Amino acid sequence: MQPVLDYLAANETRFLSELCDYLRFPSVSAQPKHKPDLEKCAAWIANHARAIGLEVEVCPTKGNPIVLARTPRRVGARKPHYVVYGHYDVQPPEPLELWKSPPFEPRIDGCNLFARGSCDNKGQHFAHLKAVEAYLKTGTELPCDLTFLIEGEEEIGCENLAPFLRARKKDLRCEAFVISDNGLPSKRHPALTYALRGIFAVEIRLDGPNRDLHSGLFGGAVDNPAMALAQMLAKLRDKNGRVAIPGFYDDVASLSKYEREMLAKLPGNEASFRKLVGVPELFGEKGFTSLERRTARPTCEINGLTSGYQGEGSKTIVPAWARAKLTFRLVPDMDPQKVQRLVVEHLKSLCPPSCKLTVEAGHAGEPYLVQPDSPRAQAALRALREAFGCEPVLMREGGSIPIVNDFKRILGVETLLLGLSLPDDNAHSPNEKFDLDCFRAGTRMSALLWRELAQVK
Ligand code: BES
Ligand code: ZN
């Protein structure tokens, strides 16, 4: 083991320069103009994995390619098999003017590497790749067989991944998936995540008059779709953030006393959280802490809202249409299909007869919850403890990685979630970064993980 860890320490500078190369691809899956960049990025990581010594396949899909990279198998050696999942696509970088340096020109400043995709998710799965490189290049026998599955549509809902899992069931049969695409509360608190929220996305459009109208000549006699939409949206939740859709909370599982006590012991408090996000006052459902509100309670959020004239100066119109993008975060035991029905029915009931409503349901994913006391979870905790040099914690996360439910459903396996991203890493925000200590500890954690997991009976 020591040669592996020594190799990781000795080659760190090169690792970072390679990671910077990976981060230069603007692999924004939400924006069709970047399709060629996604393909180039997939080819880059495929070549990189090949250079490390993995057997690599770039698998075309209806969307962006999926990269599969396997450690060489030794004939006759029966080792446990684990699949490491990651995604090379990134969120849109906009608004660009808020970045201190361009999002696709990686910059190292002190302990941080700034770039879109640095923590979500290129840097995190790159740490796992470097751990494997250390085994292969030092001639140390890997205790497990590994397959990397690196896809390019995570940020837009993984539409083509489930069919891929079905088609490649045999190659992906494994003991468990391992994912580092989430967080830890602090560098002193490495974490095993045992729950994720689910998600349901929807776009709504209200159409009013057949064209933008002069608001002086027509306003008052023709409804304003922007105003009507604002009124509809305002009715989706109450002033404390509780979702006001009938039936929405019917299946929400409550937190046990034990779990609430455990969550309360995690580092961070309300004041530091308020400071992190820079709001005058925190907000949310009465009777829950901020951590509970953002990990174990469902929500309704407006992600985008568009209508009328957005340019400089004024333009006196009644806009012809208004649009909103919404997502709902779901918790155990909510069912995205049922939530979709409730949401659509409720929106229809709120729409005034003066406008035409179009509702387009988007991607959906179930919430995820596992018992954190399995032997594999214990093995992961040992690897975290040794790599970070401090006691790991168990936690829930508010973000969504819907594909973990497909791993369960299609392949019958659970996922170990071992996040490396800090709360202030700015995932999905301007100035996204990845902490180099987390990267370093992540490479060690991955190296140790295979040793620990190989001991699980
Ligand atoms: N890495 C995140 C998910 C995440 C972040 C989980 C932090 C837990 C903690 C992932 O890339 C992501 O952003 N997922 C989307 C899913 C959606 C587009 C289906 C999300 O959560 O918004
Ligand atoms: Zn993301």
# chains A, B, ... in the order shown; residues from 1 in each chain; ligands from 1
$ closest_atom_pairs --of "chain A" --to "ligand 2" --cutoff "10 Å" --atoms "only C-alpha atoms and all ligand atoms" --output "JSON lines"
{"residue": "A:His87", "atom": "CA", "partner": "ligand 2", "partner_atom_place_in_ligand_line": "1 (Zn)", "distance": 9.1}
{"residue": "A:Asp89", "atom": "CA", "partner": "ligand 2", "partner_atom_place_in_ligand_line": "1 (Zn)", "distance": 8.7}
{"residue": "A:Val90", "atom": "CA", "partner": "ligand 2", "partner_atom_place_in_ligand_line": "1 (Zn)", "distance": 6.8}
{"residue": "A:Gln91", "atom": "CA", "partner": "ligand 2", "partner_atom_place_in_ligand_line": "1 (Zn)", "distance": 6.3}
{"residue": "A:Pro92", "atom": "CA", "partner": "ligand 2", "partner_atom_place_in_ligand_line": "1 (Zn)", "distance": 9.9}
{"residue": "A:Gly117", "atom": "CA", "partner": "ligand 2", "partner_atom_place_in_ligand_line": "1 (Zn)", "distance": 8.3}
{"residue": "A:Cys119", "atom": "CA", "partner": "ligand 2", "partner_atom_place_in_ligand_line": "1 (Zn)", "distance": 8.9}
{"residue": "A:Asp120", "atom": "CA", "partner": "ligand 2", "partner_atom_place_in_ligand_line": "1 (Zn)", "distance": 5.4}
{"residue": "A:Asn121", "atom": "CA", "partner": "ligand 2", "partner_atom_place_in_ligand_line": "1 (Zn)", "distance": 7.1}
{"residue": "A:Glu154", "atom": "CA", "partner": "ligand 2", "partner_atom_place_in_ligand_line": "1 (Zn)", "distance": 7.4}
{"residue": "A:Glu155", "atom": "CA", "partner": "ligand 2", "partner_atom_place_in_ligand_line": "1 (Zn)", "distance": 5.6}
{"residue": "A:Ile156", "atom": "CA", "partner": "ligand 2", "partner_atom_place_in_ligand_line": "1 (Zn)", "distance": 9.1}
{"residue": "A:Asp181", "atom": "CA", "partner": "ligand 2", "partner_atom_place_in_ligand_line": "1 (Zn)", "distance": 7.9}
{"residue": "A:Asn182", "atom": "CA", "partner": "ligand 2", "partner_atom_place_in_ligand_line": "1 (Zn)", "distance": 8.6}
{"residue": "A:Gly399", "atom": "CA", "partner": "ligand 2", "partner_atom_place_in_ligand_line": "1 (Zn)", "distance": 8.2}
{"residue": "A:Ser400", "atom": "CA", "partner": "ligand 2", "partner_atom_place_in_ligand_line": "1 (Zn)", "distance": 8.4}
{"residue": "A:Ile401", "atom": "CA", "partner": "ligand 2", "partner_atom_place_in_ligand_line": "1 (Zn)", "distance": 8.7}
{"residue": "A:Ala427", "atom": "CA", "partner": "ligand 2", "partner_atom_place_in_ligand_line": "1 (Zn)", "distance": 6.5}
{"residue": "A:His428", "atom": "CA", "partner": "ligand 2", "partner_atom_place_in_ligand_line": "1 (Zn)", "distance": 6.1}
{"residue": "A:Ser429", "atom": "CA", "partner": "ligand 2", "partner_atom_place_in_ligand_line": "1 (Zn)", "distance": 9.9}
$ select_by_dssp --residues "range 10-208 of chain A" --states "helix (DSSP H, G or I)" --output "ChimeraX atom specification"
/A:10,12-23,32-52,96-98,118-137,154-156,161-167,169-172
$ residues_around --residues "range 96-108 of chain A" --least-positions-apart "3" --cutoff "6 Å" --atoms "only C-alpha atoms" --output "ChimeraX atom specification"
/A:20,24,112-116,430-431
$ write_last_selection --atoms "N, CA and C atoms" --output "mmCIF file, in the first residue's frame"
data_model
loop_
_atom_site.group_PDB
_atom_site.id
_atom_site.type_symbol
_atom_site.label_atom_id
_atom_site.label_comp_id
_atom_site.auth_asym_id
_atom_site.auth_seq_id
_atom_site.Cartn_x
_atom_site.Cartn_y
_atom_site.Cartn_z
ATOM 1 N N CYS A 20 -6.392 20.204 -14.899
ATOM 2 C CA CYS A 20 -6.650 21.490 -15.566
ATOM 3 C C CYS A 20 -6.950 21.280 -17.053
ATOM 4 N N ARG A 24 -10.572 22.307 -19.110
ATOM 5 C CA ARG A 24 -10.621 23.319 -20.176
ATOM 6 C C ARG A 24 -11.740 23.050 -21.176
ATOM 7 N N ASN A 112 -7.098 26.223 -3.651
ATOM 8 C CA ASN A 112 -8.292 26.006 -4.466
ATOM 9 C C ASN A 112 -7.996 25.990 -5.956
ATOM 10 N N LEU A 113 -8.704 25.139 -6.647
ATOM 11 C CA LEU A 113 -8.649 25.104 -8.106
ATOM 12 C C LEU A 113 -9.997 25.589 -8.627
ATOM 13 N N PHE A 114 -9.983 26.743 -9.300
ATOM 14 C CA PHE A 114 -11.223 27.345 -9.781
ATOM 15 C C PHE A 114 -11.491 26.948 -11.227
ATOM 16 N N ALA A 115 -12.677 26.456 -11.527
ATOM 17 C CA ALA A 115 -13.142 26.209 -12.896
ATOM 18 C C ALA A 115 -14.526 25.584 -12.816
ATOM 19 N N ARG A 116 -15.333 25.813 -13.847
ATOM 20 C CA ARG A 116 -16.617 25.105 -13.906
ATOM 21 C C ARG A 116 -16.317 23.619 -14.052
ATOM 22 N N PRO A 430 -21.329 30.767 -9.893
ATOM 23 C CA PRO A 430 -20.085 31.322 -10.434
ATOM 24 C C PRO A 430 -18.932 31.004 -9.479
ATOM 25 N N ASN A 431 -17.708 30.967 -10.008
ATOM 26 C CA ASN A 431 -16.490 30.710 -9.229
ATOM 27 C C ASN A 431 -16.496 29.350 -8.547
#
$ closest_residue --among "A:Leu394, A:Ala244, A:Ala176, A:Val277" --to "Pro372 in chain A" --atoms "only C-alpha atoms"
A:Leu394
$ closest_residue --among "A:Leu172, A:Val84, A:Ala191, A:Met262" --to "Val132 in chain A" --atoms "only C-alpha atoms"
A:Val84
$ residues_around --residues "Val243 in chain A" --least-positions-apart "3" --cutoff "7 Å" --atoms "only C-alpha atoms" --output "PDB file with N, CA and C atoms, in the first residue's frame"
ATOM      1  N   LEU A 236     -47.935  28.529  -4.924  1.00  0.00           N
ATOM      2  CA  LEU A 236     -47.376  27.172  -4.806  1.00  0.00           C
ATOM      3  C   LEU A 236     -46.777  26.888  -3.435  1.00  0.00           C
ATOM      4  N   ARG A 237     -46.473  27.925  -2.674  1.00  0.00           N
ATOM      5  CA  ARG A 237     -45.978  27.644  -1.319  1.00  0.00           C
ATOM      6  C   ARG A 237     -46.388  28.775  -0.382  1.00  0.00           C
ATOM      7  N   ASP A 238     -46.380  28.462   0.903  1.00  0.00           N
ATOM      8  CA  ASP A 238     -46.786  29.490   1.863  1.00  0.00           C
ATOM      9  C   ASP A 238     -45.581  30.334   2.276  1.00  0.00           C
ATOM     10  N   THR A 299     -39.192  20.428  -1.348  1.00  0.00           N
ATOM     11  CA  THR A 299     -39.290  21.859  -1.665  1.00  0.00           C
ATOM     12  C   THR A 299     -39.894  22.073  -3.050  1.00  0.00           C
ATOM     13  N   CYS A 300     -40.249  23.330  -3.299  1.00  0.00           N
ATOM     14  CA  CYS A 300     -40.625  23.785  -4.639  1.00  0.00           C
ATOM     15  C   CYS A 300     -39.794  25.024  -4.912  1.00  0.00           C
TER      16      CYS A 300
END
$ residues_around --residues "Tyr85 in chain A" --least-positions-apart "6" --cutoff "7 Å" --atoms "only C-alpha atoms" --output "JSON, numbers by chain"
{"A": [148, 149, 150, 177, 178, 179]}
$ write_last_selection --atoms "all heavy atoms" --output "PDB file, in the first residue's frame"
ATOM      1  N   PHE A 148     -14.805   2.101 -14.478  1.00  0.00           N
ATOM      2  CA  PHE A 148     -15.251   3.490 -14.410  1.00  0.00           C
ATOM      3  C   PHE A 148     -16.350   3.708 -15.434  1.00  0.00           C
ATOM      4  O   PHE A 148     -16.195   3.294 -16.590  1.00  0.00           O
ATOM      5  CB  PHE A 148     -14.092   4.450 -14.714  1.00  0.00           C
ATOM      6  CG  PHE A 148     -13.146   4.598 -13.559  1.00  0.00           C
ATOM      7  CD1 PHE A 148     -12.162   3.650 -13.335  1.00  0.00           C
ATOM      8  CD2 PHE A 148     -13.247   5.673 -12.700  1.00  0.00           C
ATOM      9  CE1 PHE A 148     -11.288   3.776 -12.263  1.00  0.00           C
ATOM     10  CE2 PHE A 148     -12.380   5.810 -11.622  1.00  0.00           C
ATOM     11  CZ  PHE A 148     -11.404   4.854 -11.400  1.00  0.00           C
ATOM     12  N   LEU A 149     -17.432   4.333 -14.993  1.00  0.00           N
ATOM     13  CA  LEU A 149     -18.517   4.676 -15.911  1.00  0.00           C
ATOM     14  C   LEU A 149     -18.644   6.197 -15.829  1.00  0.00           C
ATOM     15  O   LEU A 149     -19.081   6.732 -14.805  1.00  0.00           O
ATOM     16  CB  LEU A 149     -19.798   3.984 -15.443  1.00  0.00           C
ATOM     17  CG  LEU A 149     -21.013   3.973 -16.360  1.00  0.00           C
ATOM     18  CD1 LEU A 149     -22.104   3.093 -15.758  1.00  0.00           C
ATOM     19  CD2 LEU A 149     -21.591   5.316 -16.659  1.00  0.00           C
ATOM     20  N   ILE A 150     -18.205   6.862 -16.887  1.00  0.00           N
ATOM     21  CA  ILE A 150     -18.185   8.329 -16.853  1.00  0.00           C
ATOM     22  C   ILE A 150     -19.085   8.841 -17.975  1.00  0.00           C
ATOM     23  O   ILE A 150     -18.818   8.600 -19.156  1.00  0.00           O
ATOM     24  CB  ILE A 150     -16.738   8.857 -16.994  1.00  0.00           C
ATOM     25  CG1 ILE A 150     -15.859   8.197 -15.907  1.00  0.00           C
ATOM     26  CG2 ILE A 150     -16.694  10.373 -16.840  1.00  0.00           C
ATOM     27  CD1 ILE A 150     -14.387   8.506 -16.025  1.00  0.00           C
ATOM     28  N   PHE A 177     -21.853   0.344  -6.449  1.00  0.00           N
ATOM     29  CA  PHE A 177     -21.316   1.512  -7.136  1.00  0.00           C
ATOM     30  C   PHE A 177     -20.632   2.410  -6.109  1.00  0.00           C
ATOM     31  O   PHE A 177     -21.010   2.412  -4.932  1.00  0.00           O
ATOM     32  CB  PHE A 177     -22.439   2.297  -7.835  1.00  0.00           C
ATOM     33  CG  PHE A 177     -22.719   1.801  -9.228  1.00  0.00           C
ATOM     34  CD1 PHE A 177     -23.268   0.548  -9.440  1.00  0.00           C
ATOM     35  CD2 PHE A 177     -22.408   2.591 -10.330  1.00  0.00           C
ATOM     36  CE1 PHE A 177     -23.514   0.081 -10.727  1.00  0.00           C
ATOM     37  CE2 PHE A 177     -22.646   2.135 -11.620  1.00  0.00           C
ATOM     38  CZ  PHE A 177     -23.194   0.883 -11.826  1.00  0.00           C
ATOM     39  N   VAL A 178     -19.659   3.156  -6.571  1.00  0.00           N
ATOM     40  CA  VAL A 178     -19.010   4.145  -5.716  1.00  0.00           C
ATOM     41  C   VAL A 178     -19.122   5.489  -6.432  1.00  0.00           C
ATOM     42  O   VAL A 178     -18.783   5.587  -7.621  1.00  0.00           O
ATOM     43  CB  VAL A 178     -17.526   3.787  -5.479  1.00  0.00           C
ATOM     44  CG1 VAL A 178     -16.790   4.928  -4.780  1.00  0.00           C
ATOM     45  CG2 VAL A 178     -17.417   2.503  -4.651  1.00  0.00           C
ATOM     46  N   ILE A 179     -19.641   6.482  -5.738  1.00  0.00           N
ATOM     47  CA  ILE A 179     -19.782   7.807  -6.354  1.00  0.00           C
ATOM     48  C   ILE A 179     -19.220   8.879  -5.430  1.00  0.00           C
ATOM     49  O   ILE A 179     -19.553   8.930  -4.244  1.00  0.00           O
ATOM     50  CB  ILE A 179     -21.271   8.150  -6.631  1.00  0.00           C
ATOM     51  CG1 ILE A 179     -21.919   7.097  -7.521  1.00  0.00           C
ATOM     52  CG2 ILE A 179     -21.379   9.527  -7.267  1.00  0.00           C
ATOM     53  CD1 ILE A 179     -23.344   7.440  -7.950  1.00  0.00           C
TER      54      ILE A 179
END
$ closest_residue --among "A:Gln31, A:Gln455, A:Asn11, A:Asn303" --to "ligand 1" --atoms "only C-alpha atoms and all ligand atoms"
A:Asn303
$ closest_residue --among "A:Leu453, A:Leu129, A:Leu276, A:Leu418" --to "ligand 1" --atoms "only C-alpha atoms and all ligand atoms"
A:Leu418
$ select_by_dssp --residues "range 14-83 of chain A" --states "strand (DSSP E or B)" --output "list of chain:residue names"
A:Val28, A:Glu55, A:Val56, A:Glu57, A:Val58, A:Cys59, A:Ile66, A:Val67, A:Leu68, A:Ala69, A:Arg70, A:His81, A:Tyr82, A:Val83
$ write_last_selection --atoms "N, CA, C and O atoms" --output "mmCIF file, in the first residue's frame"
data_model
loop_
_atom_site.group_PDB
_atom_site.id
_atom_site.type_symbol
_atom_site.label_atom_id
_atom_site.label_comp_id
_atom_site.auth_asym_id
_atom_site.auth_seq_id
_atom_site.Cartn_x
_atom_site.Cartn_y
_atom_site.Cartn_z
ATOM 1 N N VAL A 28 -20.725 21.660 -21.455
ATOM 2 C CA VAL A 28 -22.008 22.082 -20.882
ATOM 3 C C VAL A 28 -23.149 21.318 -21.565
ATOM 4 O O VAL A 28 -23.527 21.642 -22.688
ATOM 5 N N GLU A 55 -8.585 -0.489 -19.840
ATOM 6 C CA GLU A 55 -9.157 -0.889 -21.129
ATOM 7 C C GLU A 55 -10.403 -0.040 -21.343
ATOM 8 O O GLU A 55 -11.338 -0.107 -20.555
ATOM 9 N N VAL A 56 -10.407 0.742 -22.417
ATOM 10 C CA VAL A 56 -11.410 1.796 -22.533
ATOM 11 C C VAL A 56 -12.320 1.623 -23.735
ATOM 12 O O VAL A 56 -11.878 1.222 -24.813
ATOM 13 N N GLU A 57 -13.579 1.952 -23.533
ATOM 14 C CA GLU A 57 -14.563 1.956 -24.612
ATOM 15 C C GLU A 57 -15.284 3.298 -24.566
ATOM 16 O O GLU A 57 -15.705 3.718 -23.481
ATOM 17 N N VAL A 58 -15.442 3.938 -25.704
ATOM 18 C CA VAL A 58 -16.293 5.128 -25.751
ATOM 19 C C VAL A 58 -17.594 4.689 -26.404
ATOM 20 O O VAL A 58 -17.606 4.280 -27.564
ATOM 21 N N CYS A 59 -18.683 4.707 -25.653
ATOM 22 C CA CYS A 59 -19.941 4.145 -26.143
ATOM 23 C C CYS A 59 -20.872 5.261 -26.585
ATOM 24 O O CYS A 59 -21.276 6.093 -25.759
ATOM 25 N N ILE A 66 -20.832 7.692 -23.486
ATOM 26 C CA ILE A 66 -20.514 7.181 -22.154
ATOM 27 C C ILE A 66 -19.144 6.504 -22.244
ATOM 28 O O ILE A 66 -18.895 5.718 -23.161
ATOM 29 N N VAL A 67 -18.270 6.821 -21.307
ATOM 30 C CA VAL A 67 -16.935 6.225 -21.302
ATOM 31 C C VAL A 67 -16.903 5.103 -20.260
ATOM 32 O O VAL A 67 -17.263 5.316 -19.103
ATOM 33 N N LEU A 68 -16.512 3.913 -20.707
ATOM 34 C CA LEU A 68 -16.344 2.774 -19.796
ATOM 35 C C LEU A 68 -14.865 2.437 -19.769
ATOM 36 O O LEU A 68 -14.246 2.266 -20.822
ATOM 37 N N ALA A 69 -14.289 2.342 -18.584
ATOM 38 C CA ALA A 69 -12.855 2.037 -18.495
ATOM 39 C C ALA A 69 -12.648 0.979 -17.413
ATOM 40 O O ALA A 69 -13.022 1.193 -16.267
ATOM 41 N N ARG A 70 -12.062 -0.147 -17.805
ATOM 42 C CA ARG A 70 -11.902 -1.276 -16.874
ATOM 43 C C ARG A 70 -10.444 -1.479 -16.511
ATOM 44 O O ARG A 70 -9.562 -1.367 -17.362
ATOM 45 N N HIS A 81 -15.891 -6.840 -7.671
ATOM 46 C CA HIS A 81 -15.933 -5.830 -8.735
ATOM 47 C C HIS A 81 -16.745 -4.607 -8.267
ATOM 48 O O HIS A 81 -17.867 -4.761 -7.769
ATOM 49 N N TYR A 82 -16.172 -3.439 -8.403
ATOM 50 C CA TYR A 82 -16.870 -2.197 -8.070
ATOM 51 C C TYR A 82 -16.888 -1.271 -9.289
ATOM 52 O O TYR A 82 -15.941 -1.266 -10.067
ATOM 53 N N VAL A 83 -17.984 -0.515 -9.420
ATOM 54 C CA VAL A 83 -18.071 0.454 -10.524
ATOM 55 C C VAL A 83 -18.042 1.871 -9.946
ATOM 56 O O VAL A 83 -18.828 2.197 -9.049
#
$ closest_residue --among "A:Asn64, A:Thr71, A:Ser186, A:Asn210" --to "Thr147 in chain A" --atoms "only C-alpha atoms"
A:Thr71
$ closest_residue --among "A:Met227, A:Arg188, A:Ser314, A:Asp145" --to "Lys79 in chain A" --atoms "only C-alpha atoms"
A:Asp145
